[in-house]
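Student: Coordinates in data16.csv, CSV, C-alpha atoms, are listed below.
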```csv
chain,number,residue,atom,x,y,z
A,1,MET,CA,11.5,55.3,9.6
A,2,GLY,CA,15.0,53.8,9.9
A,3,PHE,CA,15.8,50.3,11.0
A,4,SER,CA,16.6,49.6,14.6
A,5,GLU,CA,19.3,47.1,15.3
A,6,ASP,CA,16.8,44.4,16.0
A,7,ASN,CA,14.8,45.2,12.9
A,8,LEU,CA,18.0,44.9,10.9
A,9,LYS,CA,18.7,41.5,12.3
A,10,GLY,CA,15.2,40.4,11.5
A,11,PHE,CA,15.5,41.7,8.0
A,12,ILE,CA,18.8,39.9,7.4
A,13,LEU,CA,17.4,36.7,8.8
A,14,ALA,CA,14.3,36.9,6.7
A,15,LEU,CA,16.3,37.6,3.6
A,16,MET,CA,18.6,34.6,4.3
A,17,SER,CA,15.5,32.5,4.9
A,18,SER,CA,14.1,33.3,1.5
A,19,LEU,CA,17.4,32.5,-0.2
A,20,PHE,CA,17.7,29.1,1.5
A,21,ILE,CA,14.0,28.1,1.0
A,22,GLY,CA,14.0,29.2,-2.6
A,23,ALA,CA,17.2,27.3,-3.3
A,24,SER,CA,15.9,24.2,-1.5
A,25,PHE,CA,13.1,23.8,-4.0
A,26,ILE,CA,15.6,23.5,-6.8
A,27,ILE,CA,18.0,21.2,-4.9
A,28,LYS,CA,15.2,18.9,-3.8
A,29,LYS,CA,13.8,18.6,-7.3
A,30,LYS,CA,17.3,17.9,-8.7
A,31,GLY,CA,17.5,15.1,-6.1
A,32,LEU,CA,14.0,13.8,-7.0
A,33,ARG,CA,15.0,13.6,-10.7
A,34,ARG,CA,18.2,11.8,-9.8
A,35,ALA,CA,16.4,9.3,-7.6
A,36,ALA,CA,13.8,8.7,-10.2
A,37,ALA,CA,16.4,8.0,-12.8
A,38,ALA,CA,18.2,5.5,-10.5
A,39,SER,CA,15.1,3.6,-9.3
A,40,GLY,CA,12.7,4.1,-12.2
A,41,VAL,CA,9.9,5.1,-9.8
A,42,ARG,CA,9.0,8.8,-9.4
A,43,ALA,CA,7.8,10.4,-6.2
A,44,GLY,CA,4.8,11.7,-8.0
A,45,ILE,CA,3.4,8.1,-8.4
A,46,GLY,CA,4.3,6.9,-4.9
A,47,GLY,CA,8.0,6.3,-5.0
A,48,PHE,CA,10.2,7.0,-1.9
A,49,SER,CA,13.6,6.3,-3.4
A,50,TYR,CA,14.5,10.0,-2.9
A,51,LEU,CA,15.0,9.2,0.8
A,52,LEU,CA,18.2,7.5,-0.2
A,53,GLU,CA,19.3,10.4,-2.4
A,54,PRO,CA,21.9,12.7,-0.6
A,55,LEU,CA,21.0,15.6,-2.9
A,56,TRP,CA,17.4,15.5,-1.7
A,57,TRP,CA,18.6,15.5,1.9
A,58,LEU,CA,20.8,18.5,1.1
A,59,GLY,CA,17.7,20.3,-0.2
A,60,MET,CA,15.8,19.3,3.0
A,61,ILE,CA,18.6,20.6,5.2
A,62,THR,CA,18.6,23.8,3.2
A,63,MET,CA,14.9,24.2,3.7
A,64,ILE,CA,15.2,23.5,7.5
A,65,ILE,CA,17.9,26.2,7.8
A,66,GLY,CA,15.6,28.6,5.9
A,67,GLU,CA,12.7,27.8,8.2
A,68,VAL,CA,14.7,28.2,11.3
A,69,ALA,CA,16.1,31.5,10.1
A,70,ASN,CA,12.5,32.6,9.4
A,71,PHE,CA,11.3,31.5,12.8
A,72,VAL,CA,14.2,33.4,14.6
A,73,ALA,CA,13.5,36.5,12.4
A,74,TYR,CA,10.1,36.9,14.1
A,75,ALA,CA,11.9,37.2,17.5
A,76,PHE,CA,13.6,40.4,16.3
A,77,ALA,CA,11.3,42.1,13.8
A,78,PRO,CA,7.5,42.5,13.4
A,79,ALA,CA,5.5,40.2,11.1
A,80,VAL,CA,4.7,43.1,8.8
A,81,LEU,CA,8.4,43.3,7.9
A,82,VAL,CA,9.3,39.5,8.0
A,83,THR,CA,6.4,37.9,6.3
A,84,PRO,CA,6.4,39.8,2.9
A,85,LEU,CA,10.0,38.9,2.5
A,86,GLY,CA,9.0,35.2,2.1
A,87,ALA,CA,7.8,36.1,-1.4
A,88,LEU,CA,11.5,36.5,-2.4
A,89,SER,CA,11.8,32.7,-2.3
A,90,ILE,CA,9.5,32.5,-5.3
A,91,ILE,CA,11.8,34.7,-7.3
A,92,VAL,CA,14.9,32.8,-6.1
A,93,SER,CA,13.4,29.4,-7.1
A,94,ALA,CA,12.1,30.7,-10.5
A,95,VAL,CA,15.5,32.2,-11.4
A,96,LEU,CA,17.4,29.1,-10.3
A,97,ALA,CA,15.0,26.8,-12.1
A,98,GLN,CA,15.7,28.8,-15.3
A,99,PHE,CA,19.4,28.1,-15.2
A,100,ILE,CA,19.7,24.8,-13.3
A,101,LEU,CA,16.6,22.8,-14.3
A,102,ASN,CA,16.1,24.4,-17.7
A,103,GLU,CA,12.5,25.2,-16.8
A,104,LYS,CA,11.3,28.1,-18.8
A,105,LEU,CA,8.8,30.7,-17.3
A,106,HIS,CA,6.6,32.5,-19.9
A,107,GLN,CA,6.3,36.3,-19.8
A,108,LEU,CA,2.7,35.9,-18.6
A,109,GLY,CA,4.0,33.6,-15.9
A,110,ILE,CA,6.4,36.3,-14.8
A,111,LEU,CA,3.4,38.7,-14.6
A,112,GLY,CA,1.5,36.1,-12.6
A,113,CYS,CA,4.4,35.9,-10.1
A,114,VAL,CA,4.4,39.6,-9.8
A,115,MET,CA,0.7,39.7,-9.1
A,116,CYS,CA,1.0,36.9,-6.6
A,117,ILE,CA,3.8,38.7,-4.8
A,118,ALA,CA,2.0,42.1,-4.9
A,119,GLY,CA,-1.3,40.6,-3.6
A,120,SER,CA,0.4,38.7,-0.8
A,121,VAL,CA,2.4,41.8,0.3
A,122,VAL,CA,-0.9,43.8,0.4
A,123,ILE,CA,-2.5,41.1,2.5
A,124,VAL,CA,0.4,40.9,4.9
A,125,ILE,CA,0.8,44.7,5.2
A,126,HIS,CA,-2.8,45.2,6.1
A,127,ALA,CA,-3.1,42.1,8.2
A,128,PRO,CA,-3.8,42.9,11.9
A,129,GLN,CA,-1.0,42.7,14.5
A,130,GLU,CA,-0.9,39.7,16.7
A,131,HIS,CA,-1.8,40.0,20.4
A,132,PRO,CA,0.9,39.0,23.0
A,133,ILE,CA,0.5,35.5,24.4
A,134,THR,CA,1.5,34.6,27.9
A,135,SER,CA,1.0,30.8,28.1
A,136,VAL,CA,0.4,27.7,26.1
A,137,GLN,CA,-2.9,27.3,27.8
A,138,GLU,CA,-4.1,30.6,26.4
A,139,ILE,CA,-3.3,29.4,22.9
A,140,CYS,CA,-5.1,26.1,23.6
A,141,SER,CA,-8.2,28.0,24.7
A,142,MET,CA,-8.1,30.0,21.4
A,143,ALA,CA,-7.7,26.7,19.5
A,144,THR,CA,-10.9,25.3,21.1
A,145,GLN,CA,-13.1,28.2,20.1
A,146,PRO,CA,-16.1,27.0,18.0
A,147,ALA,CA,-15.1,29.1,15.0
A,148,PHE,CA,-11.6,27.7,14.9
A,149,LEU,CA,-12.8,24.2,15.5
A,150,LEU,CA,-15.0,24.6,12.5
A,151,TYR,CA,-12.0,25.7,10.4
A,152,VAL,CA,-10.0,22.7,11.6
A,153,ALA,CA,-12.8,20.3,10.8
A,154,SER,CA,-13.2,21.9,7.3
A,155,VAL,CA,-9.4,21.6,6.7
A,156,ILE,CA,-9.4,17.9,7.7
A,157,VAL,CA,-12.4,17.2,5.5
A,158,LEU,CA,-10.9,19.0,2.5
A,159,VAL,CA,-7.6,17.3,2.9
A,160,PHE,CA,-9.2,13.8,3.0
A,161,ILE,CA,-11.3,14.7,-0.1
A,162,LEU,CA,-8.2,15.9,-2.0
A,163,ILE,CA,-6.1,12.9,-0.9
A,164,PHE,CA,-8.6,10.1,-1.5
A,165,HIS,CA,-10.8,11.5,-4.3
A,166,PHE,CA,-9.0,14.2,-6.4
A,167,ALA,CA,-5.4,13.0,-6.1
A,168,PRO,CA,-5.9,9.7,-7.8
A,169,GLN,CA,-8.0,11.2,-10.5
A,170,CYS,CA,-6.3,14.5,-11.4
A,171,GLY,CA,-3.4,15.0,-9.0
A,172,HIS,CA,-0.9,14.6,-11.8
A,173,SER,CA,-2.7,17.0,-14.1
A,174,ASN,CA,-3.9,19.8,-11.7
A,175,VAL,CA,-1.2,21.5,-9.7
A,176,LEU,CA,-3.8,22.8,-7.2
A,177,VAL,CA,-4.4,19.3,-5.7
A,178,PHE,CA,-1.0,18.5,-4.2
A,179,THR,CA,-0.3,22.2,-3.3
A,180,GLY,CA,-3.8,22.5,-1.8
A,181,ILE,CA,-3.0,19.6,0.6
A,182,CYS,CA,0.3,21.2,1.5
A,183,SER,CA,-1.2,24.6,2.1
A,184,LEU,CA,-4.2,23.4,4.1
A,185,MET,CA,-2.0,21.3,6.4
A,186,GLY,CA,0.5,24.2,6.5
A,187,SER,CA,-2.1,26.6,8.0
A,188,LEU,CA,-2.6,24.2,10.9
A,189,SER,CA,1.1,23.6,11.3
A,190,VAL,CA,1.9,27.3,11.6
A,191,MET,CA,-0.7,27.7,14.4
A,192,SER,CA,0.9,24.7,16.2
A,193,VAL,CA,4.4,26.1,15.6
A,194,LYS,CA,3.4,29.4,17.1
A,195,ALA,CA,2.0,27.6,20.2
A,196,LEU,CA,5.2,25.5,20.4
A,197,GLY,CA,7.4,28.5,19.9
A,198,THR,CA,5.6,30.5,22.6
A,199,ALA,CA,6.0,27.5,25.0
A,200,LEU,CA,9.7,27.3,24.3
A,201,LYS,CA,10.2,31.1,24.7
A,202,LEU,CA,8.3,31.1,28.0
A,203,THR,CA,10.4,28.1,29.2
A,204,PHE,CA,13.6,29.9,28.4
A,205,GLU,CA,12.3,32.9,30.4
A,206,GLY,CA,11.9,30.7,33.4
A,207,ASN,CA,8.2,29.7,33.1
A,208,ASN,CA,8.4,26.0,32.2
A,209,GLN,CA,5.7,25.1,29.7
A,210,LEU,CA,7.1,21.6,29.0
A,211,LEU,CA,5.2,20.3,32.1
A,212,TYR,CA,1.9,20.9,30.4
A,213,PRO,CA,0.4,18.2,28.1
A,214,GLU,CA,-0.9,20.9,25.7
A,215,THR,CA,2.8,21.6,24.7
A,216,TRP,CA,3.4,18.0,23.6
A,217,PHE,CA,0.0,17.8,21.9
A,218,PHE,CA,1.1,20.7,19.7
A,219,VAL,CA,4.4,18.9,19.1
A,220,PHE,CA,2.4,15.9,17.7
A,221,ILE,CA,0.3,18.2,15.5
A,222,VAL,CA,3.4,19.9,14.1
A,223,ALA,CA,5.0,16.6,13.3
A,224,THR,CA,1.9,15.2,11.6
A,225,CYS,CA,1.3,18.3,9.5
A,226,VAL,CA,4.9,18.8,8.5
A,227,ILE,CA,5.3,15.1,7.4
A,228,THR,CA,2.1,15.4,5.3
A,229,GLN,CA,3.3,18.7,3.8
A,230,MET,CA,6.7,17.3,2.8
A,231,ASN,CA,5.2,14.2,1.2
A,232,TYR,CA,2.8,16.1,-1.1
A,233,LEU,CA,5.2,18.9,-1.7
A,234,ASN,CA,7.6,16.3,-3.1
A,235,LYS,CA,4.8,15.0,-5.3
A,236,ALA,CA,4.0,18.5,-6.6
A,237,LEU,CA,7.7,19.3,-7.3
A,238,ASP,CA,8.2,16.0,-9.1
A,239,THR,CA,5.1,16.4,-11.3
A,240,PHE,CA,5.0,20.1,-12.2
A,241,ASN,CA,7.2,23.0,-13.1
A,242,THR,CA,9.0,24.4,-10.1
A,243,ALA,CA,8.4,28.0,-11.3
A,244,VAL,CA,4.6,27.2,-11.1
A,245,VAL,CA,4.6,25.2,-7.9
A,246,SER,CA,6.6,27.7,-5.8
A,247,PRO,CA,4.3,30.8,-6.2
A,248,ILE,CA,1.1,28.9,-6.1
A,249,TYR,CA,2.2,27.1,-2.9
A,250,TYR,CA,3.3,30.4,-1.4
A,251,VAL,CA,0.1,32.2,-2.2
A,252,MET,CA,-2.2,29.4,-0.9
A,253,PHE,CA,-0.1,28.8,2.2
A,254,THR,CA,0.1,32.5,3.1
A,255,SER,CA,-3.6,33.1,2.4
A,256,LEU,CA,-4.8,30.1,4.5
A,257,THR,CA,-2.3,30.9,7.3
A,258,ILE,CA,-3.6,34.5,7.6
A,259,LEU,CA,-7.2,33.2,7.5
A,260,ALA,CA,-6.5,30.7,10.2
A,261,SER,CA,-4.8,33.3,12.3
A,262,VAL,CA,-7.7,35.8,11.9
A,263,ILE,CA,-10.1,33.1,13.0
A,264,MET,CA,-8.1,31.8,15.9
A,265,PHE,CA,-6.9,35.2,17.3
A,266,LYS,CA,-9.9,37.3,16.2
A,267,ASP,CA,-7.5,39.9,14.8
A,268,TRP,CA,-10.2,41.6,12.7
A,269,ASP,CA,-12.0,42.8,15.8
A,270,GLY,CA,-11.5,46.6,16.0
A,271,GLN,CA,-9.7,46.8,12.6
A,272,SER,CA,-10.6,49.6,10.3
A,273,VAL,CA,-12.8,49.1,7.2
A,274,GLY,CA,-10.0,50.3,5.0
A,275,ASN,CA,-7.6,47.6,6.1
A,276,ILE,CA,-10.2,44.9,5.7
A,277,ILE,CA,-11.0,46.1,2.2
A,278,SER,CA,-7.3,46.2,1.4
A,279,GLU,CA,-6.9,42.6,2.5
A,280,ILE,CA,-9.9,41.5,0.4
A,281,CYS,CA,-8.4,43.3,-2.6
A,282,GLY,CA,-5.1,41.5,-2.0
A,283,PHE,CA,-6.9,38.2,-2.0
A,284,ILE,CA,-8.4,39.0,-5.4
A,285,VAL,CA,-5.0,40.0,-6.9
A,286,VAL,CA,-3.5,36.8,-5.5
A,287,LEU,CA,-6.3,34.7,-6.9
A,288,SER,CA,-5.9,36.4,-10.3
A,289,GLY,CA,-2.2,35.7,-10.3
A,290,THR,CA,-2.7,32.1,-9.4
A,291,ILE,CA,-5.1,31.6,-12.3
A,292,LEU,CA,-2.8,33.3,-14.7
A,293,LEU,CA,0.1,31.1,-13.6
A,294,HIS,CA,-2.0,28.0,-14.0
A,295,THR,CA,-3.2,29.1,-17.5
A,296,THR,CA,0.4,29.9,-18.5
A,297,LYS,CA,1.4,26.3,-17.8
A,298,ASP,CA,-1.2,24.9,-20.2
A,299,PHE,CA,-0.4,27.6,-22.7
A,300,GLU,CA,3.3,26.7,-22.7
A,301,ARG,CA,2.5,23.1,-23.3
A,302,SER,CA,0.2,23.8,-26.2
A,303,SER,CA,2.4,26.4,-27.9
A,304,SER,CA,5.5,24.2,-27.6
A,305,PHE,CA,3.6,21.3,-29.1
A,306,ARG,CA,2.3,23.5,-32.0
A,307,GLY,CA,5.7,25.0,-32.7
A,308,SER,CA,7.5,21.6,-32.9
A,309,TYR,CA,4.9,19.3,-34.3
A,310,ALA,CA,2.5,21.4,-36.4
A,311,SER,CA,3.4,19.3,-39.5
A,312,LEU,CA,2.4,16.0,-38.0
A,313,SER,CA,-0.9,14.3,-39.0
A,314,PRO,CA,-3.9,15.0,-36.8
A,315,ALA,CA,-4.1,11.3,-35.7
A,316,LEU,CA,-0.5,11.2,-34.6
A,317,SER,CA,-0.8,14.6,-33.0
A,318,ALA,CA,-3.8,13.4,-31.0
A,319,ARG,CA,-1.8,10.4,-29.7
A,320,LEU,CA,1.2,12.6,-28.8
A,321,CYS,CA,-1.0,15.0,-26.8
A,322,SER,CA,-2.9,12.3,-24.9
A,323,GLY,CA,-2.4,12.0,-21.2
A,324,ASN,CA,-2.5,15.8,-20.4
A,325,GLY,CA,0.9,16.6,-21.8
A,326,GLU,CA,2.6,13.3,-20.9
A,327,PHE,CA,4.6,13.4,-24.1
A,328,MET,CA,5.9,16.9,-23.4
A,329,LYS,CA,6.9,16.0,-19.9
A,330,HIS,CA,8.8,12.9,-21.0
A,331,ASP,CA,10.5,14.9,-23.8
A,332,GLU,CA,11.6,17.5,-21.2
A,333,GLU,CA,12.9,15.0,-18.7
A,334,ASN,CA,14.6,12.6,-21.0
A,335,GLN,CA,15.8,15.2,-23.5
A,336,LEU,CA,15.2,12.8,-26.4
A,337,PRO,CA,15.2,14.1,-30.0
A,338,ALA,CA,11.7,14.6,-31.3
A,339,GLU,CA,12.1,12.0,-34.1
A,340,ALA,CA,13.2,9.3,-31.6
A,341,VAL,CA,10.2,10.0,-29.3
A,342,CYS,CA,7.8,9.9,-32.2
A,343,LEU,CA,9.2,6.5,-33.3
A,344,GLN,CA,8.9,5.2,-29.8
A,345,ARG,CA,5.3,6.3,-29.7
A,346,GLN,CA,4.5,4.8,-33.1
A,347,GLU,CA,6.1,1.5,-32.0
A,348,MET,CA,4.0,1.5,-28.8
A,349,HIS,CA,0.8,1.9,-30.9
```
Render the structure in this file as structure tokens.

Tutor:
Amino acid sequence: MGFSEDNLKGFILALMSSLFIGASFIIKKKGLRRAAAASGVRAGIGGFSYLLEPLWWLGMITMIIGEVANFVAYAFAPAVLVTPLGALSIIVSAVLAQFILNEKLHQLGILGCVMCIAGSVVIVIHAPQEHPITSVQEICSMATQPAFLLYVASVIVLVFILIFHFAPQCGHSNVLVFTGICSLMGSLSVMSVKALGTALKLTFEGNNQLLYPETWFFVFIVATCVITQMNYLNKALDTFNTAVVSPIYYVMFTSLTILASVIMFKDWDGQSVGNIISEICGFIVVLSGTILLHTTKDFERSSSFRGSYASLSPALSARLCSGNGEFMKHDEENQLPAEAVCLQRQEMH
């Protein structure tokens, strides 16, 4: 079936969105590195000097442009066309990271990216279509259903556990902690953005929704969720390889958003068994790709260490490897010769 004019507009907007969002990851991380070099305090350990870095704000503006383009794309084309194109941002960020940030992606990592993209596309293609919404009150009634309230409560509890328990202990060694916080909050922000977008659309059509307190409540939820997302996304980008953060964040965010939408709008009601099974299979493929990407990160660290420092004594090797790859990260960021880093470590001990 050919593209209609509206579908073509939606396709172009979604494609532009992926390009801008994928590039924003790289620009923001470049800004984070520059801010950390200037202040000596990285965002990953609580620094906020990046707020004074113009390059970081350029990345933020780039991301906002991409998100706006993605939002407008849904006004022209169906979700089954627009949403899968979001996976292109993963490829864009991975390719740009290879050339701009000198972050290498192992062949198994490429396979993991492909699996993540394929699984996410399967999920989105077989996901149910959304029902038309006529008022912000209708969305508010959906958001107060017992099932969705249980989901919201679960998300809040998990976010608090991740922030106050897991983040201090393993946030800088496990990529799933920071990205998990972003994804969980993101699933709530998308539901609120949909409510806000519906309210604005109805307002422009002559049915003023700005008079209702529910609209402003959703504005507050969007602001809270987005601020939390940006904070922990910065921590994730500053701590881990961009080519790993981008696909994992995309997979978790997409999966949780679809789950939240299914619970809130009850889209699985009346759906065929074949579509439901396809969605479950898509989740399995996505999970497999995420695990492969996470394993590849550890494999690259260990193989790089073995290749460069196999001749070192076991005692010195143990000291260099302590701290979950801290040595390798400093070596990558500072680009010091191996001998100089080894001497520094020996002097410290």

Student: With all atoms listed in the file as the atoms that count, which of A:Thr239, A:Asn275, A:Ser18, A:Ser89 lies nearest to Cys170 (chain A)?

Tutor: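 Result for the nearest residue to Cys170 (chain A): A:Thr239.
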
Student: Counting only C-alpha atoms, which of A:Val244, A:Val219, A:Ile263, A:Gln271 gets nearest to Leu108 (chain A)?

Tutor: A:Val244

Student: So the first atom is CA of Ser17 (chain A) and the second is CA of Ser93 (chain A); what is the distance between them in Å, to one decimal place?

Tutor: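 According to the coordinates, CA of Ser17 (chain A) and CA of Ser93 (chain A) are separated by 12.6 Å.
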
Student: Would you list the residues near (-5.6, 22.0, -8.3), meaning any protein, DNA or RNA residue with an atom at most 12 Å from that point in file coordinates, counting all atoms listed in the file, as a PDB file with C-alpha atoms, in the coordinates of the input?

Tutor:
```
ATOM      1  CA  LEU A 162      -8.200  15.900  -2.000  1.00  0.00           C
ATOM      2  CA  ILE A 163      -6.100  12.900  -0.900  1.00  0.00           C
ATOM      3  CA  PHE A 166      -9.000  14.200  -6.400  1.00  0.00           C
ATOM      4  CA  ALA A 167      -5.400  13.000  -6.100  1.00  0.00           C
ATOM      5  CA  GLN A 169      -8.000  11.200 -10.500  1.00  0.00           C
ATOM      6  CA  CYS A 170      -6.300  14.500 -11.400  1.00  0.00           C
ATOM      7  CA  GLY A 171      -3.400  15.000  -9.000  1.00  0.00           C
ATOM      8  CA  HIS A 172      -0.900  14.600 -11.800  1.00  0.00           C
ATOM      9  CA  SER A 173      -2.700  17.000 -14.100  1.00  0.00           C
ATOM     10  CA  ASN A 174      -3.900  19.800 -11.700  1.00  0.00           C
ATOM     11  CA  VAL A 175      -1.200  21.500  -9.700  1.00  0.00           C
ATOM     12  CA  LEU A 176      -3.800  22.800  -7.200  1.00  0.00           C
ATOM     13  CA  VAL A 177      -4.400  19.300  -5.700  1.00  0.00           C
ATOM     14  CA  PHE A 178      -1.000  18.500  -4.200  1.00  0.00           C
ATOM     15  CA  THR A 179      -0.300  22.200  -3.300  1.00  0.00           C
ATOM     16  CA  GLY A 180      -3.800  22.500  -1.800  1.00  0.00           C
ATOM     17  CA  ILE A 181      -3.000  19.600   0.600  1.00  0.00           C
ATOM     18  CA  CYS A 182       0.300  21.200   1.500  1.00  0.00           C
ATOM     19  CA  SER A 183      -1.200  24.600   2.100  1.00  0.00           C
ATOM     20  CA  ALA A 236       4.000  18.500  -6.600  1.00  0.00           C
ATOM     21  CA  PHE A 240       5.000  20.100 -12.200  1.00  0.00           C
ATOM     22  CA  VAL A 244       4.600  27.200 -11.100  1.00  0.00           C
ATOM     23  CA  VAL A 245       4.600  25.200  -7.900  1.00  0.00           C
ATOM     24  CA  ILE A 248       1.100  28.900  -6.100  1.00  0.00           C
ATOM     25  CA  TYR A 249       2.200  27.100  -2.900  1.00  0.00           C
ATOM     26  CA  MET A 252      -2.200  29.400  -0.900  1.00  0.00           C
ATOM     27  CA  THR A 290      -2.700  32.100  -9.400  1.00  0.00           C
ATOM     28  CA  ILE A 291      -5.100  31.600 -12.300  1.00  0.00           C
ATOM     29  CA  LEU A 293       0.100  31.100 -13.600  1.00  0.00           C
ATOM     30  CA  HIS A 294      -2.000  28.000 -14.000  1.00  0.00           C
ATOM     31  CA  THR A 295      -3.200  29.100 -17.500  1.00  0.00           C
TER      32      THR A 295
END
```

Student: Taking only C-alpha atoms into account, which of A:Ala195, A:Leu32, A:Leu237, A:Cys113 comes nearest Ile221 (chain A)?

Tutor: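 Looking at the shortest contact to Ile221 (chain A), the residue is A:Ala195.
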
Student: Rounded to one decimal place, report the CA of Thr203 (chain A)-CA of Leu85 (chain A) distance in Å.

Tutor: 28.8 Å

Student: Report, in Å to a single decimal, how far apart CA of Tyr212 (chain A) and CA of Gly197 (chain A) are.

Tutor: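 Separating CA of Gly197 (chain A) from CA of Tyr212 (chain A) is a distance of 14.1 Å.
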
Student: Considering all atoms listed in the file, state which residue in the set A:Val262, A:Leu88, A:Val193, A:Val273 is at the smallest distance from Phe148 (chain A).

Tutor: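 So, comparing all the options, the nearest one is A:Val262.
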
Student: Please provide the set of residues having any atom within 9 Å of Leu256 (chain A), restricted to all atoms listed in the file, with same-chain residues fewer than 5 positions apart removed, written as a list of chain:residue names.

Tutor: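 Returned residues: A:Ser183, A:Leu184, A:Gly186, A:Ser187, A:Leu188, A:Val251, A:Ser261.
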
Student: With all atoms listed in the file as the basis for distance, which of A:Leu105, A:Ile12, A:Ala69, A:Ala260 is at the shortest distance from Ala147 (chain A)?

Tutor: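 For Ala147 (chain A), the nearest of the given residues is A:Ala260.
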
Student: Find the residues of region 163-253 of chain A that sit at most 12 Å from region 47-57 of chain A; for each, write down the nearest two atoms and how far apart they are in Å, to one decimal. Count only C-alpha atoms. Sort by chain, then by number going up, and give it as CSV.

Tutor:
```
residue,atom,partner,partner_atom,distance
A:Met230,CA,A:Trp56,CA,11.7
A:Asn231,CA,A:Phe48,CA,9.3
A:Tyr232,CA,A:Phe48,CA,11.8
A:Asn234,CA,A:Tyr50,CA,9.3
A:Lys235,CA,A:Gly47,CA,9.3
A:Leu237,CA,A:Trp56,CA,11.8
A:Asp238,CA,A:Gly47,CA,10.5
```
